[in-house]
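What follows is one structure encoded as structure tokens, with my remarks underneath.
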Amino acid sequence: MSELQPMATKGIRGKAVGKLLTSLQSLWGVLAIVLLWELWVNLSQLNTIVMPRPLDVVSDIASAPGVYFASTAQTLLLAVVGLILGMIIGTALAILTWLSRILAGLLTPLGLIFASVPVVALIPVLARIFGYDIRTVLAIVVIISFFPAFVFTTAGLRAPPPGSDDLFRALGAPTLRRLWLLAIPAAVPEWAVALRLAAANSILAAMVAEFLMGTSGLGHLFHAARADLDMSRALGASAIATVISVMSFLAASRFEKKVRQHWS
Amino acid sequence: MRISTLAPHSSRSSDTATAPSIRVSEVTKQFQLDDGREIQALRDMSLELGQSEFVALLGPSGCGKSTILRLVASLESPTSGVVEVNGRPPAELARQHRLGVAFQDHALLPWLDVAANVALPYKVAGLPVDVKRVSELIRLVGLAGFERARPKQLSGGMRQRVAIARALILAPDVLLLDEPFGALDAVTRRQMNIELQRIWSEQRITTLLVTHAVDEALFLADRIIVLSGRPGRVIRTLEVPFARPRHADIMRSEAFHRLCDELTDALETPVEETL
Amino acid sequence: MRISTLAPHSSRSSDTATAPSIRVSEVTKQFQLDDGREIQALRDMSLELGQSEFVALLGPSGCGKSTILRLVASLESPTSGVVEVNGRPPAELARQHRLGVAFQDHALLPWLDVAANVALPYKVAGLPVDVKRVSELIRLVGLAGFERARPKQLSGGMRQRVAIARALILAPDVLLLDEPFGALDAVTRRQMNIELQRIWSEQRITTLLVTHAVDEALFLADRIIVLSGRPGRVIRTLEVPFARPRHADIMRSEAFHRLCDELTDALETPVEETL
Amino acid sequence: MSVVLSERIRTLLLGSLGVGIFLGLWEVVGRLRLLGLSWPPLTEVLALLGTPARWSLFARALAASLEALTVGYLIGLISGIIAAALAHLTPSLKLGLDRTSAVIHAIPSIALAPLFILFLGRNATPAALAALSVFFVSYVATSSGLGSVPRPLQDLVHVLGGTRLTQFVRLDLPAALPVLASGMRLAAPAALIGVIVGEWFGAPRGLGVLVINAMQNFQIPLLWSAVLLAVLVSLTLFGLLGLLQHYVARRFR
Amino acid sequence: QSAAKVRVQIGWIPNVQYAGEWISLERDLFAKHGVSVEWYPGGPNALPAPVVLAAGKADLGYSTWFPLLDAVAKGNDLVMIGAVFPKNPLGIISLAKKPILKPRDLAGAKVLAQGPNEKTAIDATLSLAGLPVQWTQVPAGFSPEPLLAGEGDGYTAFGVNQTITLEQMGLKWGKDFHFVSFDDLGFRTYGAVLMTTRAYLDRNRPAVVGYLRGIIQGWQENEKDPAIAAHLAAEKYGADFGLDLKQQIRQNELQIPLTRYDEQGKLRLALDREIMSGPMYAAARATGRTNLPDVDKLADFTIVSEAHQSL
Ligand SMILES: Nc1ncnc2c1ncn2[C@@H]1O[C@H](COP(=O)(O)OP(=O)(O)OP(=O)(O)O)[C@@H](O)[C@H]1O
Ligand SMILES: Nc1ncnc2c1ncn2[C@@H]1O[C@H](COP(=O)(O)OP(=O)(O)OP(=O)(O)O)[C@@H](O)[C@H]1O
Ligand SMILES: O=C([O-])O
Ligand SMILES: [Mg+2]
Ligand SMILES: [Mg+2]
């Protein structure tokens with residue numbers, strides 16, 4: 001309290017300055033990157049088809065908000081739907097393996113194998129299977145989100161707090177109640193880690209997939225702009241994906257932190 | 001609010017005729033360590049608890065006290081020998097939700113608050129939660145006002161008390177307590193002893209208590225069993241002579257102090273540990 | 001092997017003239033909880049320890065005993081009031097590696113084995129490890145043979161004993177012990193008490209001990225300070241009348257039992273806790 | 001003894017059965033052309049991989065990707081650890097470094113790859129992208145590991161008169177190792193993805209080069225062979241680093 | 001006298017499409033003309049040559065024609081100096097039961113098309129033919145399977161690539177399937193356009209001429225035996241790309257007629273001012289490109305003839 005008081009008495013201007021300072025403290029790295037970019041383009045006299053300046057990118061976004069919005073909406077939708085589906089399927093499968101030792105035996109090594117697969121490298125293969133459209137993009141995002149959900153939820157279900165497993169056995173808990181009252185709640189923090197990993201990656205995976213074989217969305221916008229040597233637009237699409245990805249990451253991190261606080 | 005107002009658990013009244021007794025007969029228990037070596041925790045251990053008897057186990061660290069409790073709770077099975085509760089395998093008792101346990105690690109669920117932790121056995125048994133009984137037991141263990149607190153916000157002693165309330169909530173037929181008061185300060189411990197004494201006197205739950213405190217065992221138990229170092233064997237049995245109901249004052253009596261010293265002597269073994 | 005063969009720590013002999021005394025003067029300590037509420041752990045607390053004095057602190061859970069130790073260890077600073085060790089800020093003592101502590105949670109480094117944990121203070125102080133002294137202290141706390149074991153392979157009581165050995169390894173000027181024997185069974189605890197007594201008698205380290213066990217306090221301390229519930233205030237001070245060296249037998253004497261009962265009375269306060 | 005053993009055998013059997021079923025399904029789907037020409041039978045892919053005439057092609061691709069992977073992995077790992085240590089020792093830098101690493105991680109690799117090709121060269125790009133992925137994972141893992149030292153241990157070193165550096169060396173670093181080891185494991189597939197995407201943008205050789213060209217030229221068995229090799233590389237690293245993780249977790253927790 | 005070093009960015013992976021390059025390199029034809037060539041592979045996602053030139057990372061480059069136009073429109077001082085394919089091999093494959101051979105066949109058709117460039121080409125082809133721009137794009141990759149499965153009437157492809165895939169699947173060209181190039185449909189472009197920067201050309205004209213001499217000779221040699229360059233591509237210059245030798249031989253057979261200028265009465269690689277300012281500029285306008293530079297600013301028509309003179 002005593003440490004907070006001087007801050008409060010500084011009033012609105014003090015607050016504003018404080019806010020500026022905190023955001024500077026967190027954003028200096030990003031500012032430095034943008035500044036270096038600007039300096040570098042200026043000093044090496046780079047052509048816009050090679051590398052535009054940061055301001056060119058911003059003004060391109062401002063000049064065609066409709067185009068950006070449509071692509072962003074499309075990619076975001078795919079990323080979100082894919083993320084949700086992937087998390088649901090991964091979680092459900094983890095629960096199934098918890099329930100059945102046979103299923104667990106069958107699926108755990110496969111899960112490990114697939115968790116180590118560089119999924120993005122599979123996009124060309126998956127495109128052949130699902131088709132060259134948003135179904136494949138969706139499939140990629142689902143798979144990208146599925147693996148962490150499966151791996152982390154499986155681990156979480158199997159790590160209840162010390163002693164609680166014995167407690168439930170002594171209390172005579174039937175399997176389903178042990179699942180519902182113990183294993184699932186115990187898995188929530190690990191599940192949140194999976195969400196954090198998947199949330200940041202889903203939009204990026206969607207974009208790579210759209211880039212390679214999509215017909216719409218930010219990845220396609222990037223692809224088409226590059227084909228037209230319109231680097232401002234290509235980087236504009238990337239910048240939007242970056243912002244969304246960072247925001248998802250931060251939001252998911254905050255969620256995870258909250259869960260951890262509540263769960264410890 | 002006294003515990004006497006707590007209605008006995010519904011499933012109980014019909015079972016009075018079959019109230020259990022515990023029989024551990026010629027039990028040997030070996031554990032295998034990761035490196036393949038075997039540890040014999042118990043050898044040819046036999047003990048019996050009659051209906052509604054309160055027995056305390058005393059013994060040096062590592063002599064197998066917790067193992068006995070875990071055998072009765074059906075959490076371990078004996079390498080050889082038999083464990084029965086009321087003539088049936090102990091797993092049946094657990095399955096019927098008629099067992100109350102409070103173990104060394106309190107095993108509270110960190111995501112539940114105090115009230116929900118105490119109410120957990122209802123949920124596990126698929127019974128509706130008796131909210132009134134939950135709050136009465138919380139008050140009884142001195143935690144009124146902490147219903148909404150979560151385990152990490154409690155001190156170690158407070159957590160143990162939550163575990164005790166949880167062990168009692170379903171008015172079980174058999175109560176297994178493993179060092180339930182280890183983390184409490186002397187005063188709180190004594191008060192908890194007094195409360196437990198009163199609850200037990202009213203419900204006469206068959207109880208097996210592991211403790212390191214000689215005075216606690218003397219104050220609470222009908223019978224005290226002293227075990228040797230590992231592998232645990234019974235080296236002494238003491239019928240506690242104090243009449244019930246027992247008042248806290250007996251702990252200051254000459255006889256009490258004398259029995260204390262006597263049991264302490266029986267326990268005395270070298271401190272040196274070996275692998 | 002007896003502790004008397006242990007050479008006092010080199011840095012000490014020159015300091016004998018300035019052997020410290022502890023002064024806690026009018027100290028108030030407030031903590032802020034996450035939700036903004038304030039907790040007053042200590043209010044206007046004063047106490048003093050003379051050179052080479054052994055003082056035990058008794059008091060109900062949450063009354064601020066650990067907080068006092070943490071203030072003396074410079075792990076907290078008082079909200080108001082002064083804490084001094086030998087007339088200097090307590091942080092200086094820590095910086096000079098002249099402080100020995102064993103806290104409630106034994107705080108062993110999980111990746112070091114028993115010997116390395118005990119030897120840690122040497123490393124932190126940048127001194128060469130006295131291997132012989134390390135193994136002597138390990139034997140003293142009854143853990144010979146466990147030098148290579150890592151903390152997770154030890155029982156709770158064994159871990160506490162490692163922490164005690166570590167607290168003593170540099171032959172500190174001031175020893176702060178917070179419930180050092182809480183996880184031990186009665187017998188081991190008594191034996192550890194006897195060892196600590198002997199070590200102390202030989203080195204006369206100024207010692208502040210927090211304990212829940214009245215008999216332990218009586219057996220070990222020159223003076224016992226009883227604190228009230230939170231915020232902690234001194235409600236009783238007892239000069240322990242037993243002459244040193246004390247033999248374990250005194251614990252069975254009439255006088256001992258009487259003082260025990262008396263201190264227990266002084267401690268008696270309602271178990272009810274409030275936020 | 002026998003209980004433990006039979007449990008292990010059971011797990012092994014079920015696991016092999018699971019993998020076997022998967023491989024069998026792959027073969028059947030390929031034989032019956034259930035997913036079209038794009039999904040060849042496993043035996044066809046293995047046959048191509050087993051063709052001695054193709055071995056030098058696969059060997060060169062594998063060597064190029066592995067070299068990029070190793071270089072990128074090591075650079076990313078070391079810089080991630082250094083950055084996390086810096087953030088840990090200089091709290092005023094921490095928030096900014098956290099954000100910056102998150103942002104760097106969030107820049108789509110398809111946007112970075114062309115730039116890297118131009119300014120780092122086509123040979124260095126796969127390693128550079130791998131390094132970025134690994135940097136992020138190891139930064140996050142090391143940071144959380146360094147911050148995971150329980151308060152009582154910190155207090156202990158303080159009371160013993162330890163300096164900030166003592167605390168870092170004796171406490172923070174060892175405590176961070178288990179988390180770092182799991183991070184290192186997760187970083188392996190991430191690094192391989194970086195290498196492959198980097199190779200897609202004009203590298204002279206590598207598994208990613210094979211993948212993208214086989215895709216464009218409808219060389220289906222070649223495409224699957226390259227993917228299978230990539231998966232094997234990833235799986236091997238994942239497994240080896242899993243052993244490391246296991247060892248570190250046992251040793252330092 | 002040491003050879004002038006020329007850095008060349010090719011427009012695709014090092015396959016037989018650059019047959020002239022490989023033969024010249026293999027037979028030291030460049031060295032004979034005083035240049036030493038360092039070449040860089042392109043590929044599906046690689047940077048287009050105009051960007052590499054603008055960044056100063058190459059001296060000469062091959063790409064399709066529109067990126068060059070776009071780069072010049074953005075103020076880059078690039079010059080076009082030649083083209084390997086006077087007729088672009090990009091076109092449409094269709095099946096016998098519903099062939100696409102004329103622009104009118106495209107109207108209202110369902111076409112499997114890979115990306116934005118292919119879409120633009122079809123739009124422009126229809127509008128150049130005065131037809132309504134009405135057709136359905138079905139997204140596709142590089143597999144002809146959807147065409148065979150009837151998911152579209154046509155499939156955008158290279159006459160020297162996917163056609164071979166169909167042949168390998170046992171289909172007969174002209175009987176089971178047809179191919180028509182966009183050029184034949186009236187959408188004229190060059191393929192594999194050779195370019196450099198004006199500044200480089202001004203300072204290093206002899207080197208550029210030397211390179212052209214080497215490459216022209218290489219392509220001439222290629223006419224004699226399509227297998228030679230195919231072997232070089234699959235086994236040496238493109239050895240890391242997993243090329244299929246038989247496919248490369250067939251591709252070279254198919255592409256050789258497309259690289260012939262003598263059919264049009266022109267020198268190999270030579271640009272045609274009339275075709276550029278006429279049908280090609282019309283095609284560019286049909287794609288929506290408006291800011292087209294003067295043909296003589298865009299292209300240097302003198303270099304290829306200079307190269308041929310002393311051969
Ligand atoms: N799961 C196990 N695996 C291996 N050894 C075990 C296991 N459980 C118990 N033991 C060993 O069996 C012996 C008895 O253990 P137990 O926990 O019953 O002792 P205890 O009497 O309860 O001791 P304490 O008073 O310290 O709680 C110990 O030596 C212990 O190391
Ligand atoms: N860091 C902290 N933040 C908030 N409150 C604290 C903190 N440390 C101690 N307290 C509070 O201060 C009071 C005194 O705590 P302290 O740990 O000193 O008690 P104690 O006497 O040692 O109790 P015990 O016998 O249970 O160990 C308690 O109410 C505790 O909740
Ligand atoms: O882009 C071409 O070089 O054809
Ligand atoms: Mg035990
Ligand atoms: Mg305390």
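Chain labels A, B, ... are given in the sequence in which chains occur in the structure tokens; within each chain residues are numbered consecutively from 1, and ligands are likewise numbered from 1 in the order shown.
Taking only C-alpha atoms, the non-local environment of Gln51 (chain B) within 10 Å (same-chain residues fewer than 2 positions away omitted) comprises Thr18, Ala19, Pro20, Ser21, Ile22, Glu48, Leu49, Glu53, Phe54, Asn86, Asp173, Val174, Arg204, Ile205, Thr206 and Thr207 of chain B.
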Counting only C-alpha atoms, which residues of chain E sit at most 7 Å from some atom of chain D, and what is each one's closest atom pair with its distance in Å to one decimal, listed by chain and rising residue number, as a tab-separated table?
residue	atom	partner	partner_atom	distance
E:Pro41	CA	D:Gly202	CA	6.5
E:Gly42	CA	D:Gly202	CA	5.5
E:Gly43	CA	D:Gly202	CA	5.7
E:Asn45	CA	D:Phe201	CA	4.9
E:Ala46	CA	D:Phe201	CA	4.5
E:Leu47	CA	D:Pro114	CA	6.5
E:Phe142	CA	D:Gln216	CA	5.5
E:Ser143	CA	D:Phe218	CA	6.0
E:Asp240	CA	D:Arg205	CA	5.4
E:Phe241	CA	D:Leu210	CA	5.6
E:Gly242	CA	D:Leu210	CA	6.3
### Task
Check region 221-266 of chain C with DSSP on the backbone and list each residue it calls helix (DSSP H, G or I), as an MDAnalysis selection string.
chainID C and resid 248:252 254:266
### Task
Find the residues near ligand 4. Use a cut-off of 8 Å, count only C-alpha atoms and all ligand atoms, and write them as a ChimeraX atom specification.
/B:61-62,64-67,104,178-179,210
### Message
At a cut-off of 10 Å around ligand 2, and using only C-alpha atoms and all ligand atoms, what residues come up? Please write them as a PyMOL selection string.
### Response
(chain B and resi 153-158+183-186) or (chain C and resi 29-34+37-42+57-71+76+103-104+178-179+210-212+227-232+275)
### Task
Might you pull out every residue within 10 Å of Arg226 (chain A), with only C-alpha atoms counted and same-chain residues fewer than 3 positions away left off, and present them as an MDAnalysis selection string?
(chainID A and resid 49 220:223 229:235) or (chainID D and resid 111) or (chainID E and resid 45 47:48 67)
Residues from last step as file, all heavy atoms, as a tab-separated table (two decimals), in the first residue's frame:
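Resulting contents of again.tsv:
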chain	number	residue	atom	x	y	z
A	49	ILE	N	10.27	-3.07	-53.95
A	49	ILE	CA	9.92	-4.46	-54.27
A	49	ILE	C	10.80	-5.42	-53.47
A	49	ILE	O	10.53	-6.60	-53.40
A	49	ILE	CB	10.03	-4.79	-55.78
A	49	ILE	CG1	11.47	-4.78	-56.26
A	49	ILE	CG2	9.17	-3.85	-56.60
A	49	ILE	CD1	11.62	-5.39	-57.64
A	220	HIS	N	-3.05	-16.17	-48.50
A	220	HIS	CA	-3.27	-15.98	-49.93
A	220	HIS	C	-2.99	-14.53	-50.32
A	220	HIS	O	-2.38	-14.25	-51.36
A	220	HIS	CB	-4.70	-16.35	-50.29
A	220	HIS	CG	-5.00	-16.17	-51.74
A	220	HIS	ND1	-4.52	-17.01	-52.71
A	220	HIS	CD2	-5.71	-15.21	-52.39
A	220	HIS	CE1	-4.93	-16.59	-53.89
A	220	HIS	NE2	-5.66	-15.49	-53.73
A	221	LEU	N	-3.43	-13.62	-49.47
A	221	LEU	CA	-3.16	-12.20	-49.72
A	221	LEU	C	-1.65	-11.98	-49.84
A	221	LEU	O	-1.17	-11.29	-50.75
A	221	LEU	CB	-3.73	-11.36	-48.58
A	221	LEU	CG	-3.65	-9.83	-48.73
A	221	LEU	CD1	-4.51	-9.38	-49.90
A	221	LEU	CD2	-4.09	-9.13	-47.45
A	222	PHE	N	-0.92	-12.61	-48.94
A	222	PHE	CA	0.54	-12.51	-48.96
A	222	PHE	C	1.08	-13.08	-50.27
A	222	PHE	O	1.90	-12.46	-50.94
A	222	PHE	CB	1.09	-13.29	-47.77
A	222	PHE	CG	2.59	-13.36	-47.70
A	222	PHE	CD1	3.32	-12.38	-47.04
A	222	PHE	CD2	3.28	-14.41	-48.30
A	222	PHE	CE1	4.70	-12.44	-46.99
A	222	PHE	CE2	4.66	-14.48	-48.25
A	222	PHE	CZ	5.38	-13.49	-47.59
A	223	HIS	N	0.57	-14.23	-50.64
A	223	HIS	CA	1.04	-14.92	-51.84
A	223	HIS	C	0.77	-14.08	-53.09
A	223	HIS	O	1.67	-13.84	-53.91
A	223	HIS	CB	0.32	-16.26	-51.95
A	223	HIS	CG	0.84	-17.14	-53.04
A	223	HIS	ND1	1.79	-18.09	-52.82
A	223	HIS	CD2	0.54	-17.21	-54.36
A	223	HIS	CE1	2.08	-18.70	-53.96
A	223	HIS	NE2	1.31	-18.19	-54.91
A	229	LEU	N	4.68	-8.41	-56.74
A	229	LEU	CA	5.80	-7.63	-56.17
A	229	LEU	C	5.32	-6.49	-55.29
A	229	LEU	O	5.98	-5.46	-55.19
A	229	LEU	CB	6.70	-7.09	-57.28
A	229	LEU	CG	7.26	-8.14	-58.24
A	229	LEU	CD1	8.27	-7.49	-59.17
A	229	LEU	CD2	7.92	-9.25	-57.48
A	230	ASP	N	4.13	-6.66	-54.71
A	230	ASP	CA	3.60	-5.62	-53.83
A	230	ASP	C	4.00	-5.97	-52.39
A	230	ASP	O	3.22	-6.52	-51.62
A	230	ASP	CB	2.07	-5.57	-53.98
A	230	ASP	CG	1.47	-4.40	-53.24
A	230	ASP	OD1	2.21	-3.74	-52.47
A	230	ASP	OD2	0.26	-4.16	-53.41
A	231	MET	N	5.24	-5.62	-52.04
A	231	MET	CA	5.76	-6.05	-50.75
A	231	MET	C	5.09	-5.36	-49.58
A	231	MET	O	5.01	-5.89	-48.48
A	231	MET	CB	7.28	-5.83	-50.69
A	231	MET	CG	8.05	-6.84	-51.51
A	231	MET	SD	7.55	-8.54	-51.19
A	231	MET	CE	8.30	-8.80	-49.59
A	232	SER	N	4.62	-4.13	-49.79
A	232	SER	CA	3.92	-3.45	-48.69
A	232	SER	C	2.70	-4.26	-48.27
A	232	SER	O	2.44	-4.44	-47.08
A	232	SER	CB	3.48	-2.05	-49.10
A	232	SER	OG	4.59	-1.30	-49.45
A	233	ARG	N	1.99	-4.76	-49.27
A	233	ARG	CA	0.80	-5.53	-48.94
A	233	ARG	C	1.18	-6.88	-48.32
A	233	ARG	O	0.58	-7.31	-47.34
A	233	ARG	CB	-0.05	-5.75	-50.19
A	233	ARG	CG	-1.28	-6.56	-49.90
A	233	ARG	CD	-2.54	-6.01	-50.42
A	233	ARG	NE	-2.71	-4.58	-50.28
A	233	ARG	CZ	-3.63	-3.88	-50.95
A	233	ARG	NH1	-4.43	-4.48	-51.81
A	233	ARG	NH2	-3.75	-2.59	-50.76
A	234	ALA	N	2.20	-7.50	-48.90
A	234	ALA	CA	2.62	-8.79	-48.36
A	234	ALA	C	3.03	-8.65	-46.90
A	234	ALA	O	2.63	-9.44	-46.04
A	234	ALA	CB	3.77	-9.36	-49.18
A	235	LEU	N	3.82	-7.62	-46.61
A	235	LEU	CA	4.24	-7.43	-45.22
A	235	LEU	C	3.09	-6.94	-44.35
A	235	LEU	O	3.04	-7.21	-43.15
A	235	LEU	CB	5.42	-6.47	-45.16
A	235	LEU	CG	6.71	-7.04	-45.76
A	235	LEU	CD1	7.86	-6.06	-45.57
A	235	LEU	CD2	7.06	-8.38	-45.13
D	111	ALA	N	7.08	-14.84	-44.29
D	111	ALA	CA	7.48	-13.46	-44.54
D	111	ALA	C	8.97	-13.27	-44.30
D	111	ALA	O	9.64	-12.50	-44.99
D	111	ALA	CB	6.68	-12.51	-43.64
E	45	ASN	N	8.71	-21.14	-54.31
E	45	ASN	CA	8.49	-19.99	-53.43
E	45	ASN	C	9.66	-19.02	-53.44
E	45	ASN	O	9.69	-18.08	-52.67
E	45	ASN	CB	8.28	-20.46	-52.00
E	45	ASN	CG	7.15	-21.46	-51.92
E	45	ASN	OD1	6.05	-21.18	-52.37
E	45	ASN	ND2	7.42	-22.64	-51.39
E	47	LEU	N	12.45	-16.16	-54.50
E	47	LEU	CA	12.26	-14.77	-54.91
E	47	LEU	C	12.33	-14.67	-56.42
E	47	LEU	O	13.20	-15.28	-57.05
E	47	LEU	CB	13.37	-13.91	-54.30
E	47	LEU	CG	13.28	-13.70	-52.81
E	47	LEU	CD1	14.61	-13.22	-52.27
E	47	LEU	CD2	12.19	-12.69	-52.48
E	48	PRO	N	11.43	-13.89	-57.01
E	48	PRO	CA	11.51	-13.70	-58.45
E	48	PRO	C	12.75	-12.87	-58.81
E	48	PRO	O	13.21	-12.04	-58.03
E	48	PRO	CB	10.22	-12.93	-58.79
E	48	PRO	CG	9.72	-12.40	-57.50
E	48	PRO	CD	10.28	-13.24	-56.39
E	67	PRO	N	6.11	-10.11	-63.71
E	67	PRO	CA	6.89	-9.53	-62.59
E	67	PRO	C	7.85	-8.46	-63.07
E	67	PRO	O	8.06	-7.44	-62.40
E	67	PRO	CB	7.65	-10.74	-62.02
E	67	PRO	CG	6.83	-11.90	-62.40
E	67	PRO	CD	6.19	-11.57	-63.71
